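A.B. asks: Have a look at the structure that comes next, please.
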Amino acid sequence: MRITNYIKTCLTNFTQQIYFALKLHLSLTILLIFLISGTVFGQTKKKQVVALKIANHLNIDGLLNEPIWQEAAPAGDFVQYDPYNGPPATEKTEVRILYDNVAIYIGAMMYDTSPDSILTELGFRDTDNLNTDYIAFTISPFNDGLNAIVLGTTASGVQYDAKIYNDHNDKSWDAVYQSKVQILDNGWSAEIKIPYSVLRFPEKDIQTWGFNIERSIRRKREMDTWNFIDKEIEGKLRQAGEITNLTNIKPPMRLSFTPYVSGYLEKKADDPNWGYSFNYGMDLKYGINESFTLDMTLIPDFGQVQSDDEIFNLSPFEVYYEEQRPFFTEGTELFDKGNIFYTRRVGNIPDGYGAVYDSINEGEYVSDNPSKTKLINATKVSGRTNKGLGIGVFNAMSLHTFATITDSTTGKTRKIETQPFSNYNMVVLDQSLKNNSYISFFNTNVYKGKNYYTANVTGTEFQFFDKNSSYCINGKFNLSQQYNPSSSADLGFTYNISLAKTSGQFRARVTRWVENDTYNPNDLGFLHANNEIGHSMNLQYNFYDPFWRLLSWYNSISLWHQTLYSPHEFIEFGINVHSRGTFRNRLSVGFNIESLPFDQNDFYEARTKGRVFVQPASWEISSYLSPDYRKAFIVDVQGSFERSAKYDQTEWNIALSPRWRTNDKLSFKLIFDYENDMNNIGYVDDINVDNVNEIIFGRRNLQTVENVFSTTYIFNNLLALDFRLRHYWLIAKYDQFYLLDDDGYLQNTDYNENNDFNFNAFNVDMILRWEFAPGSELAIAWKNAILTYNESEITDKFFNNLQKTLNSPADNSLSVKLLYYLDYLYLKKRK
């Protein structure tokens, strides 16, 4: 026993020494980064292209045969971004800019010495990694190095558009603009008309906009830009060129309506009858002035969005699911501040959904329990002044939600409120500063009536770069508040601060973050767990230009240390080494090694405050291979292996993703992911033994199989069919149980109840989309969903399990949705 205590004391002292050494190392690293840095980079020279004003509108057909195009000055002399950073482009490109009182026109000629080799795969709008050439234009009317939009087209005519904030792309934003392309004997050409209603720009007599052009020559895997973008300098937007001579253009009245009607034929798994329903509503966009836009959705219908990739959650934390609903993904860059706005909270599962089943009496059953609150409207007001002040206001409301309880004998029903009328708000102020810097202030508020608490989170976030984009300091501070009607307010806070060297081959970042034990943003935000203090350091050394057989090579090492905020107990210390590179044959290879060299204190797995589970030290190695996507058939490969010796725990994973592109219209993709977690140890149950609550843990073997099959057939760039099938299977078999003692270690127990289970989630999403007019769409969707959980019949045979799953009751939905885009200026002109 004395030896054990001595070893524990030594390990504790050693951990503390490591912690203080790490803090000293961080401090010294900061000094090294900021005082003994290597290279200082100057500003990239900005090219300029002069826009030419025209009197007559152009016919957008992809051909630049109108004489006026030749009168405009060309933007040329492109340089490579990939694979070599800086040499001249291998093919000539010329772009000209015209404008009138209603729109800006871009004409691009992409010369090609092998026009018969231009790649032209079709795909959905905004699809990544299409095997096709493209041209894209970055436009920043405020020219602030932070905010821009990207509009472009592929050589096959597929549009691409996105909003950019601080070099992060939001592809969910869709603009209504015209584009046409033509394949020619000497290359291909594109013609684009961008109405001013798409853009937000200041009302000035003479304007200069930030502007850059990106061209991809897919067969060469070459990407060229008009204004040179140095990979060793942080921030692409700040390295853009400019459009000049935009004179006397006025922001138009921006008002559009998109009404919709939809119909559903549906059958629930627990109901043998089919039902039908109809919905109608409208989206509205209104330009309040030249800088600000109001977006509103009235009685929205999101029934056709892709199904969530559901999993069985064995962890003590909530599962994070990506937002799929268009209104909540489009134009939300301002609302991403502070990490306090998780849009899935709006119109989500009612707060009292699960408690309903604890409220039924003998002879009663739950006949109806809506799994979503009814959203009646949502509104966003967002924009940026010509002084760089961004303002965002979000509001959404959901109706009262009730469950229905039915008496099985008399048939009488009663209602239980599962969530009252709810109001959700967020306000953001974001000031752009020099050198790609900013400072923001924000607040969220959730109100659910006088009988519930009101939740607020208020905070600030900042990012400051030096003049040459070589160094950066960023951070945030948030204060959470819950005001209860019958008790004092609950207050909590979090902050983080980060110092970084952001340019050059050598880069570094040191970070400190703190979340106190009462910080809670989860009424409208998302946080797995609070009560934490952490420090981390990341060092990188990257090769951006080709050498030897490599095109590029990125390397990093990270260290981190975490403790509880209160009490100040050790959680974990970890080291991660990562390296990835791309060879000249376009094979990308990466590996990752991670070590947690000391026992970790897990304060959450026991599901009881104040209890801890001591996780043994572990290590993990993982790797991936990704071939050249220009090939018609490729297979991505990923694998990992994790080992912890104390409980003989081993986890390994293999993922294969073959892709087959049969032609420019049809493609297939499969993702196969298998994970075998042997001797995994986790929480099972709480039991009462002699009036003492005992926590039961179990040792289990977990096998997870996930298959995702998808195929897309593109009839043309306006009509496409997409099919996606996903099957997730988790099987858990327990072979031993333990009591968790007060020190966090496992002791033997007589507990031996059956906790084995089998879980399946099976989904099919198929949708046909036809964009029959700009901004207007007809969509037909079929969705099928099966969820099964079984503790009595467990099979480890994949196809036997699949057959049982497919024979289980399923939710089915067939829907049709028609939406039509109406632009006020167009209607006024027609009238």
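Identifiers in the structure tokens: chain A, B, ... in order shown; residue index from 1 per chain; ligand index from 1 in order shown.
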Quick one: pick out all helix (DSSP H, G or I) residues within range 324-465 of chain A from a backbone DSSP run and write them as number ranges by chain.

C.D. replies: A: 326-329, 333-339, 343-345, 354-358

A.B. asks: Quick one: write out the picked residues with C-alpha atoms as a PDB file, in the first residue's frame?

C.D. replies:
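In the end it all went to result.pdb:
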ATOM      1  CA  PRO A 326     -31.687  26.592 -45.448  1.00  0.00           C
ATOM      2  CA  PHE A 327     -32.872  29.729 -43.624  1.00  0.00           C
ATOM      3  CA  PHE A 328     -30.613  28.929 -40.673  1.00  0.00           C
ATOM      4  CA  THR A 329     -27.542  28.232 -42.799  1.00  0.00           C
ATOM      5  CA  GLU A 333     -21.725  34.662 -40.777  1.00  0.00           C
ATOM      6  CA  LEU A 334     -22.397  37.532 -38.356  1.00  0.00           C
ATOM      7  CA  PHE A 335     -24.196  35.223 -35.952  1.00  0.00           C
ATOM      8  CA  ASP A 336     -21.260  32.816 -35.614  1.00  0.00           C
ATOM      9  CA  LYS A 337     -19.602  35.097 -33.079  1.00  0.00           C
ATOM     10  CA  GLY A 338     -18.792  33.812 -29.621  1.00  0.00           C
ATOM     11  CA  ASN A 339     -19.895  30.216 -30.244  1.00  0.00           C
ATOM     12  CA  THR A 343     -29.626  27.201 -34.543  1.00  0.00           C
ATOM     13  CA  ARG A 344     -30.852  23.652 -33.904  1.00  0.00           C
ATOM     14  CA  ARG A 345     -32.194  24.962 -30.570  1.00  0.00           C
ATOM     15  CA  GLY A 354     -39.426  12.954 -22.454  1.00  0.00           C
ATOM     16  CA  ALA A 355     -41.195  13.894 -19.199  1.00  0.00           C
ATOM     17  CA  VAL A 356     -44.590  13.185 -20.767  1.00  0.00           C
ATOM     18  CA  TYR A 357     -44.099   9.448 -20.355  1.00  0.00           C
ATOM     19  CA  ASP A 358     -43.589   9.914 -16.610  1.00  0.00           C
TER      20      ASP A 358
END

A.B. asks: Give one line per residue of range 562-640 of chain A that approaches range 525-547 of chain A to at most 8 Å, naming the two atoms of the closest pair and their distance in Å to one decimal, counting only C-alpha atoms; sort by chain then ascending residue number and deliver it as a tab-separated table.

C.D. replies:
residue	atom	partner	partner_atom	distance
A:Gln562	CA	A:Gly534	CA	4.3
A:Thr563	CA	A:Ile533	CA	5.3
A:Leu564	CA	A:Glu532	CA	4.5
A:Tyr565	CA	A:Glu532	CA	4.8
A:Ser566	CA	A:Asn531	CA	6.6

A.B. asks: Residues as selected, all heavy atoms, written as a PDB file, in the first residue's frame, can you do that?

C.D. replies:
ATOM      1  N   GLN A 562      -5.265  20.250 -19.200  1.00  0.00           N
ATOM      2  CA  GLN A 562      -6.588  20.662 -18.752  1.00  0.00           C
ATOM      3  C   GLN A 562      -6.797  20.299 -17.289  1.00  0.00           C
ATOM      4  O   GLN A 562      -6.364  19.229 -16.831  1.00  0.00           O
ATOM      5  CB  GLN A 562      -7.683  19.985 -19.590  1.00  0.00           C
ATOM      6  CG  GLN A 562      -7.726  20.434 -21.030  1.00  0.00           C
ATOM      7  CD  GLN A 562      -8.699  19.598 -21.849  1.00  0.00           C
ATOM      8  OE1 GLN A 562      -8.302  18.851 -22.732  1.00  0.00           O
ATOM      9  NE2 GLN A 562      -9.978  19.724 -21.548  1.00  0.00           N
ATOM     10  N   THR A 563      -7.481  21.194 -16.565  1.00  0.00           N
ATOM     11  CA  THR A 563      -7.898  20.939 -15.192  1.00  0.00           C
ATOM     12  C   THR A 563      -9.343  21.386 -15.033  1.00  0.00           C
ATOM     13  O   THR A 563      -9.879  22.110 -15.878  1.00  0.00           O
ATOM     14  CB  THR A 563      -7.026  21.711 -14.176  1.00  0.00           C
ATOM     15  OG1 THR A 563      -7.274  23.122 -14.343  1.00  0.00           O
ATOM     16  CG2 THR A 563      -5.554  21.429 -14.380  1.00  0.00           C
ATOM     17  N   LEU A 564      -9.969  20.968 -13.945  1.00  0.00           N
ATOM     18  CA  LEU A 564     -11.248  21.548 -13.571  1.00  0.00           C
ATOM     19  C   LEU A 564     -11.037  22.989 -13.122  1.00  0.00           C
ATOM     20  O   LEU A 564      -9.987  23.353 -12.589  1.00  0.00           O
ATOM     21  CB  LEU A 564     -11.888  20.761 -12.430  1.00  0.00           C
ATOM     22  CG  LEU A 564     -12.465  19.379 -12.733  1.00  0.00           C
ATOM     23  CD1 LEU A 564     -13.094  18.797 -11.463  1.00  0.00           C
ATOM     24  CD2 LEU A 564     -13.485  19.419 -13.857  1.00  0.00           C
ATOM     25  N   TYR A 565     -12.059  23.796 -13.324  1.00  0.00           N
ATOM     26  CA  TYR A 565     -12.030  25.156 -12.780  1.00  0.00           C
ATOM     27  C   TYR A 565     -12.231  25.119 -11.266  1.00  0.00           C
ATOM     28  O   TYR A 565     -11.536  25.804 -10.523  1.00  0.00           O
ATOM     29  CB  TYR A 565     -13.122  25.991 -13.452  1.00  0.00           C
ATOM     30  CG  TYR A 565     -13.270  27.387 -12.885  1.00  0.00           C
ATOM     31  CD1 TYR A 565     -12.454  28.426 -13.324  1.00  0.00           C
ATOM     32  CD2 TYR A 565     -14.235  27.654 -11.910  1.00  0.00           C
ATOM     33  CE1 TYR A 565     -12.587  29.696 -12.802  1.00  0.00           C
ATOM     34  CE2 TYR A 565     -14.368  28.921 -11.385  1.00  0.00           C
ATOM     35  CZ  TYR A 565     -13.552  29.953 -11.822  1.00  0.00           C
ATOM     36  OH  TYR A 565     -13.678  31.204 -11.299  1.00  0.00           O
ATOM     37  N   SER A 566     -13.206  24.285 -10.838  1.00  0.00           N
ATOM     38  CA  SER A 566     -13.465  24.151  -9.408  1.00  0.00           C
ATOM     39  C   SER A 566     -14.012  22.755  -9.120  1.00  0.00           C
ATOM     40  O   SER A 566     -15.026  22.355  -9.702  1.00  0.00           O
ATOM     41  CB  SER A 566     -14.478  25.199  -8.947  1.00  0.00           C
ATOM     42  OG  SER A 566     -14.778  25.037  -7.580  1.00  0.00           O
TER      43      SER A 566
END

A.B. asks: Can you tell me, as a PDB file with N, CA, C and O atoms, in the first residue's frame, what residues are no more than 9 Å from Asn147 in chain A when counting only C-alpha atoms, ignoring any on the same chain fewer than 3 positions away?

C.D. replies:
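Heads up, here's the output in around-v3.pdb:
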ATOM      1  N   ILE A 139     -15.672  39.320 -54.839  1.00  0.00           N
ATOM      2  CA  ILE A 139     -16.042  40.737 -54.887  1.00  0.00           C
ATOM      3  C   ILE A 139     -16.253  41.234 -53.465  1.00  0.00           C
ATOM      4  O   ILE A 139     -17.050  40.663 -52.710  1.00  0.00           O
ATOM      5  N   SER A 140     -15.540  42.305 -53.105  1.00  0.00           N
ATOM      6  CA  SER A 140     -15.640  42.894 -51.773  1.00  0.00           C
ATOM      7  C   SER A 140     -15.957  44.380 -51.909  1.00  0.00           C
ATOM      8  O   SER A 140     -15.047  45.213 -51.969  1.00  0.00           O
ATOM      9  N   PRO A 141     -17.251  44.749 -51.973  1.00  0.00           N
ATOM     10  CA  PRO A 141     -17.600  46.160 -52.191  1.00  0.00           C
ATOM     11  C   PRO A 141     -17.051  47.106 -51.126  1.00  0.00           C
ATOM     12  O   PRO A 141     -16.765  48.270 -51.424  1.00  0.00           O
ATOM     13  N   PHE A 142     -16.907  46.646 -49.882  1.00  0.00           N
ATOM     14  CA  PHE A 142     -16.377  47.510 -48.834  1.00  0.00           C
ATOM     15  C   PHE A 142     -14.847  47.436 -48.751  1.00  0.00           C
ATOM     16  O   PHE A 142     -14.235  48.200 -48.016  1.00  0.00           O
ATOM     17  N   ASN A 143     -14.260  46.491 -49.477  1.00  0.00           N
ATOM     18  CA  ASN A 143     -12.801  46.409 -49.618  1.00  0.00           C
ATOM     19  C   ASN A 143     -12.091  46.450 -48.262  1.00  0.00           C
ATOM     20  O   ASN A 143     -11.109  47.174 -48.075  1.00  0.00           O
ATOM     21  N   ASP A 144     -12.614  45.631 -47.308  1.00  0.00           N
ATOM     22  CA  ASP A 144     -12.090  45.681 -45.945  1.00  0.00           C
ATOM     23  C   ASP A 144     -11.208  44.493 -45.580  1.00  0.00           C
ATOM     24  O   ASP A 144     -10.731  44.381 -44.455  1.00  0.00           O
ATOM     25  N   LYS A 163     -20.701  33.343 -49.409  1.00  0.00           N
ATOM     26  CA  LYS A 163     -20.291  34.525 -48.675  1.00  0.00           C
ATOM     27  C   LYS A 163     -18.998  34.196 -47.935  1.00  0.00           C
ATOM     28  O   LYS A 163     -18.815  33.075 -47.467  1.00  0.00           O
ATOM     29  N   ILE A 164     -18.138  35.200 -47.821  1.00  0.00           N
ATOM     30  CA  ILE A 164     -16.874  35.006 -47.106  1.00  0.00           C
ATOM     31  C   ILE A 164     -16.801  35.995 -45.960  1.00  0.00           C
ATOM     32  O   ILE A 164     -17.075  37.185 -46.137  1.00  0.00           O
ATOM     33  N   TYR A 165     -16.463  35.476 -44.791  1.00  0.00           N
ATOM     34  CA  TYR A 165     -16.126  36.339 -43.665  1.00  0.00           C
ATOM     35  C   TYR A 165     -14.848  35.820 -43.049  1.00  0.00           C
ATOM     36  O   TYR A 165     -14.769  34.662 -42.630  1.00  0.00           O
ATOM     37  N   ASN A 166     -13.834  36.679 -43.021  1.00  0.00           N
ATOM     38  CA  ASN A 166     -12.559  36.324 -42.389  1.00  0.00           C
ATOM     39  C   ASN A 166     -11.995  35.026 -42.965  1.00  0.00           C
ATOM     40  O   ASN A 166     -11.497  34.160 -42.247  1.00  0.00           O
ATOM     41  N   ASP A 167     -12.097  34.909 -44.297  1.00  0.00           N
ATOM     42  CA  ASP A 167     -11.581  33.762 -45.055  1.00  0.00           C
ATOM     43  C   ASP A 167     -12.311  32.457 -44.787  1.00  0.00           C
ATOM     44  O   ASP A 167     -11.813  31.374 -45.116  1.00  0.00           O
ATOM     45  N   LEU A 237      -8.290  37.378 -48.636  1.00  0.00           N
ATOM     46  CA  LEU A 237      -9.034  38.572 -49.033  1.00  0.00           C
ATOM     47  C   LEU A 237      -8.139  39.810 -49.024  1.00  0.00           C
ATOM     48  O   LEU A 237      -8.283  40.687 -49.886  1.00  0.00           O
TER      49      LEU A 237
END

A.B. asks: Name all residues at most 7 Å from range 445-451 of chain A (count only C-alpha atoms; drop same-chain ones fewer than 3 positions away) and give them as a ChimeraX atom specification.

C.D. replies: /A:420-426,454-457,485,523

A.B. asks: With only C-alpha atoms as the atoms that count, which of A:Gln615, A:Val577, A:Glu461, A:Thr385 lies nearest to Glu203 in chain A?

C.D. replies: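 For Glu203 in chain A, the nearest of the given residues is A:Thr385.
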
A.B. asks: Considering only C-alpha atoms, state which residue in the set A:Val708, A:Ala508, A:Leu246, A:Leu130 is at the smallest distance from Lys631 in chain A.

C.D. replies: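 Using only C-alpha atoms, Lys631 in chain A sits closest to A:Leu130.
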
A.B. asks: Between A:Phe583, A:His561, A:Glu66, A:Tyr177, which is the closest to Trp548 in chain A once you count only C-alpha atoms?

C.D. replies: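 That would be A:Phe583, the residue with the smallest distance to Trp548 in chain A.
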
A.B. asks: Pick out the residues sitting within 7 Å of range 91-97 of chain A, and hand them over as a PDB file with C-alpha atoms, in the first residue's frame; count only C-alpha atoms, and ignore anything fewer than 6 positions along from it in its own chain.

C.D. replies:
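Final output, saved to selection.pdb:
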ATOM      1  CA  ALA A  51     -14.607  48.839 -65.242  1.00  0.00           C
ATOM      2  CA  LEU A  52     -16.326  50.292 -68.328  1.00  0.00           C
ATOM      3  CA  TRP A  69     -16.280  43.706 -74.544  1.00  0.00           C
ATOM      4  CA  ALA A  72     -12.939  47.225 -71.714  1.00  0.00           C
ATOM      5  CA  ALA A  73      -9.455  46.854 -70.239  1.00  0.00           C
ATOM      6  CA  PRO A  74      -8.546  43.194 -69.594  1.00  0.00           C
ATOM      7  CA  ALA A  75      -7.429  41.728 -66.304  1.00  0.00           C
ATOM      8  CA  GLY A  76      -4.677  39.300 -67.252  1.00  0.00           C
ATOM      9  CA  PHE A  78      -2.490  35.385 -63.951  1.00  0.00           C
ATOM     10  CA  TYR A 105     -21.149  42.167 -66.075  1.00  0.00           C
ATOM     11  CA  ILE A 106     -18.084  39.909 -66.100  1.00  0.00           C
ATOM     12  CA  GLY A 107     -16.749  38.403 -69.302  1.00  0.00           C
ATOM     13  CA  ALA A 108     -14.001  35.812 -68.991  1.00  0.00           C
ATOM     14  CA  MET A 109     -11.997  34.076 -71.704  1.00  0.00           C
ATOM     15  CA  MET A 110     -10.100  31.015 -70.503  1.00  0.00           C
ATOM     16  CA  TYR A 111      -7.683  30.170 -73.299  1.00  0.00           C
ATOM     17  CA  ASP A 112      -6.585  26.545 -73.502  1.00  0.00           C
TER      18      ASP A 112
END

A.B. asks: Show me a table, sorted first by chain and then by increasing residue number, of the residues of range 234-323 of chain A having an atom at most 7 Å from range 374-380 of chain A, each with its shortest atom pair and the distance in Å to one decimal, counting only C-alpha atoms and written as a Markdown table.

C.D. replies:
| residue | atom | partner | partner_atom | distance |
| --- | --- | --- | --- | --- |
| A:Leu294 | CA | A:Lys380 | CA | 5.7 |
| A:Asp295 | CA | A:Lys380 | CA | 5.0 |
| A:Met296 | CA | A:Thr379 | CA | 4.3 |
| A:Thr297 | CA | A:Ala378 | CA | 5.4 |
| A:Leu298 | CA | A:Asn377 | CA | 4.6 |
| A:Ile299 | CA | A:Ile376 | CA | 4.8 |
| A:Pro300 | CA | A:Asn377 | CA | 6.9 |

A.B. asks: Grab the residues selected above and save them as an mmCIF file, in the first residue's frame with N, CA, C and O atoms.

C.D. replies:
data_model
loop_
_atom_site.group_PDB
_atom_site.id
_atom_site.type_symbol
_atom_site.label_atom_id
_atom_site.label_comp_id
_atom_site.auth_asym_id
_atom_site.auth_seq_id
_atom_site.Cartn_x
_atom_site.Cartn_y
_atom_site.Cartn_z
ATOM 1 N N LEU A 294 -33.258 42.672 -44.624
ATOM 2 C CA LEU A 294 -34.144 41.895 -43.760
ATOM 3 C C LEU A 294 -34.497 40.599 -44.481
ATOM 4 O O LEU A 294 -34.949 40.627 -45.629
ATOM 5 N N ASP A 295 -34.255 39.476 -43.814
ATOM 6 C CA ASP A 295 -34.652 38.156 -44.305
ATOM 7 C C ASP A 295 -35.683 37.593 -43.349
ATOM 8 O O ASP A 295 -35.438 37.537 -42.136
ATOM 9 N N MET A 296 -36.807 37.140 -43.900
ATOM 10 C CA MET A 296 -37.870 36.605 -43.049
ATOM 11 C C MET A 296 -38.443 35.353 -43.690
ATOM 12 O O MET A 296 -38.611 35.273 -44.902
ATOM 13 N N THR A 297 -38.700 34.354 -42.858
ATOM 14 C CA THR A 297 -39.415 33.177 -43.312
ATOM 15 C C THR A 297 -40.691 33.048 -42.491
ATOM 16 O O THR A 297 -40.666 33.102 -41.256
ATOM 17 N N LEU A 298 -41.816 32.935 -43.171
ATOM 18 C CA LEU A 298 -43.128 32.860 -42.544
ATOM 19 C C LEU A 298 -43.693 31.465 -42.743
ATOM 20 O O LEU A 298 -43.806 30.981 -43.874
ATOM 21 N N ILE A 299 -44.047 30.821 -41.653
ATOM 22 C CA ILE A 299 -44.578 29.450 -41.645
ATOM 23 C C ILE A 299 -43.672 28.553 -42.486
ATOM 24 O O ILE A 299 -44.080 28.017 -43.522
ATOM 25 N N PRO A 300 -42.436 28.399 -42.087
ATOM 26 C CA PRO A 300 -41.474 27.649 -42.924
ATOM 27 C C PRO A 300 -41.775 26.153 -42.949
ATOM 28 O O PRO A 300 -42.416 25.592 -42.055
#

A.B. asks: Any idea what's packed within 7 Å of range 240-245 of chain A, counting only C-alpha atoms, ignoring anything in its chain fewer than 3 positions away? Could you give it as a list in words?

C.D. replies: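 Final neighbour list, sorted by chain and number: Lys46, Lys47, Gln48, Val49, Val50, Ala51, Ile206, Gln207, Thr208, Trp209, Gly210, Phe211, Asn212, Asn227, Lys236 and Leu237 of chain A.
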
A.B. asks: If you keep all heavy atoms, can you produce a file of those selected residues as a short mmCIF file (atom, residue, chain, number, x, y, z; two decimals), in the first residue's frame?

C.D. replies:
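Full text of selection.cif as output:
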data_model
loop_
_atom_site.label_atom_id
_atom_site.label_comp_id
_atom_site.auth_asym_id
_atom_site.auth_seq_id
_atom_site.Cartn_x
_atom_site.Cartn_y
_atom_site.Cartn_z
N LYS A 46 -1.32 45.31 -55.10
CA LYS A 46 -2.68 45.16 -55.61
C LYS A 46 -2.75 45.55 -57.09
O LYS A 46 -2.41 46.67 -57.46
CB LYS A 46 -3.65 46.03 -54.81
CG LYS A 46 -3.88 45.57 -53.39
CD LYS A 46 -4.89 46.48 -52.69
CE LYS A 46 -5.17 46.02 -51.26
NZ LYS A 46 -5.84 44.73 -51.20
N LYS A 47 -3.21 44.61 -57.92
CA LYS A 47 -3.51 44.95 -59.29
C LYS A 47 -4.85 45.69 -59.35
O LYS A 47 -5.68 45.57 -58.44
CB LYS A 47 -3.61 43.69 -60.15
CG LYS A 47 -2.31 42.94 -60.37
CD LYS A 47 -2.56 41.74 -61.26
CE LYS A 47 -1.29 40.96 -61.54
NZ LYS A 47 -1.56 39.76 -62.38
N GLN A 48 -5.07 46.42 -60.43
CA GLN A 48 -6.34 47.11 -60.63
C GLN A 48 -6.84 46.87 -62.04
O GLN A 48 -6.06 46.78 -62.99
CB GLN A 48 -6.18 48.62 -60.39
CG GLN A 48 -5.92 48.99 -58.95
CD GLN A 48 -5.93 50.49 -58.72
OE1 GLN A 48 -5.60 51.27 -59.62
NE2 GLN A 48 -6.30 50.92 -57.52
N VAL A 49 -8.16 46.71 -62.16
CA VAL A 49 -8.81 46.62 -63.46
C VAL A 49 -9.89 47.70 -63.52
O VAL A 49 -10.63 47.91 -62.55
CB VAL A 49 -9.41 45.22 -63.70
CG1 VAL A 49 -10.44 44.85 -62.64
CG2 VAL A 49 -10.01 45.12 -65.09
N VAL A 50 -9.95 48.40 -64.65
CA VAL A 50 -10.89 49.51 -64.81
C VAL A 50 -12.18 48.98 -65.41
O VAL A 50 -12.18 48.34 -66.47
CB VAL A 50 -10.29 50.61 -65.71
CG1 VAL A 50 -11.29 51.74 -65.91
CG2 VAL A 50 -9.00 51.15 -65.11
N ALA A 51 -13.30 49.24 -64.73
CA ALA A 51 -14.61 48.84 -65.24
C ALA A 51 -15.10 49.87 -66.24
O ALA A 51 -14.85 51.08 -66.09
CB ALA A 51 -15.60 48.70 -64.09
N ILE A 206 -17.98 57.56 -56.56
CA ILE A 206 -16.91 56.77 -57.17
C ILE A 206 -16.52 55.65 -56.20
O ILE A 206 -16.22 55.92 -55.05
CB ILE A 206 -15.68 57.64 -57.51
CG1 ILE A 206 -16.08 58.79 -58.44
CG2 ILE A 206 -14.59 56.79 -58.14
CD1 ILE A 206 -14.94 59.75 -58.73
N GLN A 207 -16.52 54.42 -56.69
CA GLN A 207 -16.28 53.29 -55.82
C GLN A 207 -15.12 52.45 -56.32
O GLN A 207 -14.92 52.30 -57.53
CB GLN A 207 -17.53 52.43 -55.72
CG GLN A 207 -18.76 53.21 -55.27
CD GLN A 207 -19.79 52.33 -54.61
OE1 GLN A 207 -19.46 51.29 -54.05
NE2 GLN A 207 -21.03 52.76 -54.65
N THR A 208 -14.38 51.89 -55.39
CA THR A 208 -13.33 50.92 -55.65
C THR A 208 -13.62 49.68 -54.82
O THR A 208 -13.71 49.77 -53.59
CB THR A 208 -11.94 51.49 -55.32
OG1 THR A 208 -11.68 52.63 -56.14
CG2 THR A 208 -10.86 50.45 -55.56
N TRP A 209 -13.77 48.57 -55.50
CA TRP A 209 -14.12 47.33 -54.80
C TRP A 209 -12.93 46.37 -54.79
O TRP A 209 -12.15 46.32 -55.75
CB TRP A 209 -15.29 46.62 -55.50
CG TRP A 209 -16.59 47.35 -55.44
CD1 TRP A 209 -16.87 48.50 -54.75
CD2 TRP A 209 -17.81 46.99 -56.09
NE1 TRP A 209 -18.16 48.87 -54.91
CE2 TRP A 209 -18.79 47.96 -55.74
CE3 TRP A 209 -18.18 45.94 -56.92
CZ2 TRP A 209 -20.09 47.91 -56.20
CZ3 TRP A 209 -19.48 45.87 -57.39
CH2 TRP A 209 -20.43 46.85 -57.02
N GLY A 210 -12.81 45.62 -53.70
CA GLY A 210 -11.84 44.53 -53.69
C GLY A 210 -12.27 43.46 -54.69
O GLY A 210 -13.47 43.16 -54.83
N PHE A 211 -11.30 42.87 -55.39
CA PHE A 211 -11.66 41.96 -56.48
C PHE A 211 -10.50 41.00 -56.74
O PHE A 211 -9.34 41.41 -56.76
CB PHE A 211 -11.95 42.76 -57.75
CG PHE A 211 -12.41 41.94 -58.93
CD1 PHE A 211 -13.61 41.27 -58.91
CD2 PHE A 211 -11.62 41.85 -60.07
CE1 PHE A 211 -14.03 40.52 -60.01
CE2 PHE A 211 -12.02 41.11 -61.17
CZ PHE A 211 -13.24 40.45 -61.14
N ASN A 212 -10.84 39.73 -56.92
CA ASN A 212 -9.85 38.75 -57.36
C ASN A 212 -10.54 37.69 -58.19
O ASN A 212 -11.77 37.55 -58.14
CB ASN A 212 -9.10 38.13 -56.18
CG ASN A 212 -7.66 37.79 -56.54
OD1 ASN A 212 -7.28 37.78 -57.72
ND2 ASN A 212 -6.84 37.51 -55.54
N ASN A 227 -4.70 38.43 -58.91
CA ASN A 227 -3.77 39.07 -57.98
C ASN A 227 -3.09 37.97 -57.16
O ASN A 227 -3.75 37.08 -56.62
CB ASN A 227 -4.51 40.03 -57.05
CG ASN A 227 -3.60 41.13 -56.53
OD1 ASN A 227 -3.27 42.06 -57.26
ND2 ASN A 227 -3.17 41.01 -55.28
N LYS A 236 -6.52 35.49 -47.53
CA LYS A 236 -6.61 35.63 -48.99
C LYS A 236 -7.27 36.94 -49.39
O LYS A 236 -6.89 37.57 -50.38
CB LYS A 236 -7.39 34.46 -49.58
CG LYS A 236 -6.67 33.13 -49.55
CD LYS A 236 -7.48 32.06 -50.25
CE LYS A 236 -6.74 30.73 -50.26
NZ LYS A 236 -7.51 29.68 -50.97
N LEU A 237 -8.29 37.38 -48.64
CA LEU A 237 -9.03 38.57 -49.03
C LEU A 237 -8.14 39.81 -49.02
O LEU A 237 -8.28 40.69 -49.89
CB LEU A 237 -10.23 38.79 -48.10
CG LEU A 237 -11.46 37.92 -48.34
CD1 LEU A 237 -12.57 38.32 -47.40
CD2 LEU A 237 -11.92 38.00 -49.78
#

A.B. asks: Need the shell around Asp174 in chain A: protein/DNA/RNA residues with any atom at most 8 Å away, counting only C-alpha atoms. Skip same-chain ones fewer than 4 positions apart. Format as a list in words?

C.D. replies: Asp161, Ala162 and Glu330 of chain A

A.B. asks: With DSSP run on the backbone, what are the strand (DSSP E) residues within range 219-286 of chain A? I'd like them as number ranges by chain.

C.D. replies: A: 222-225, 241-247, 255-267, 274-286
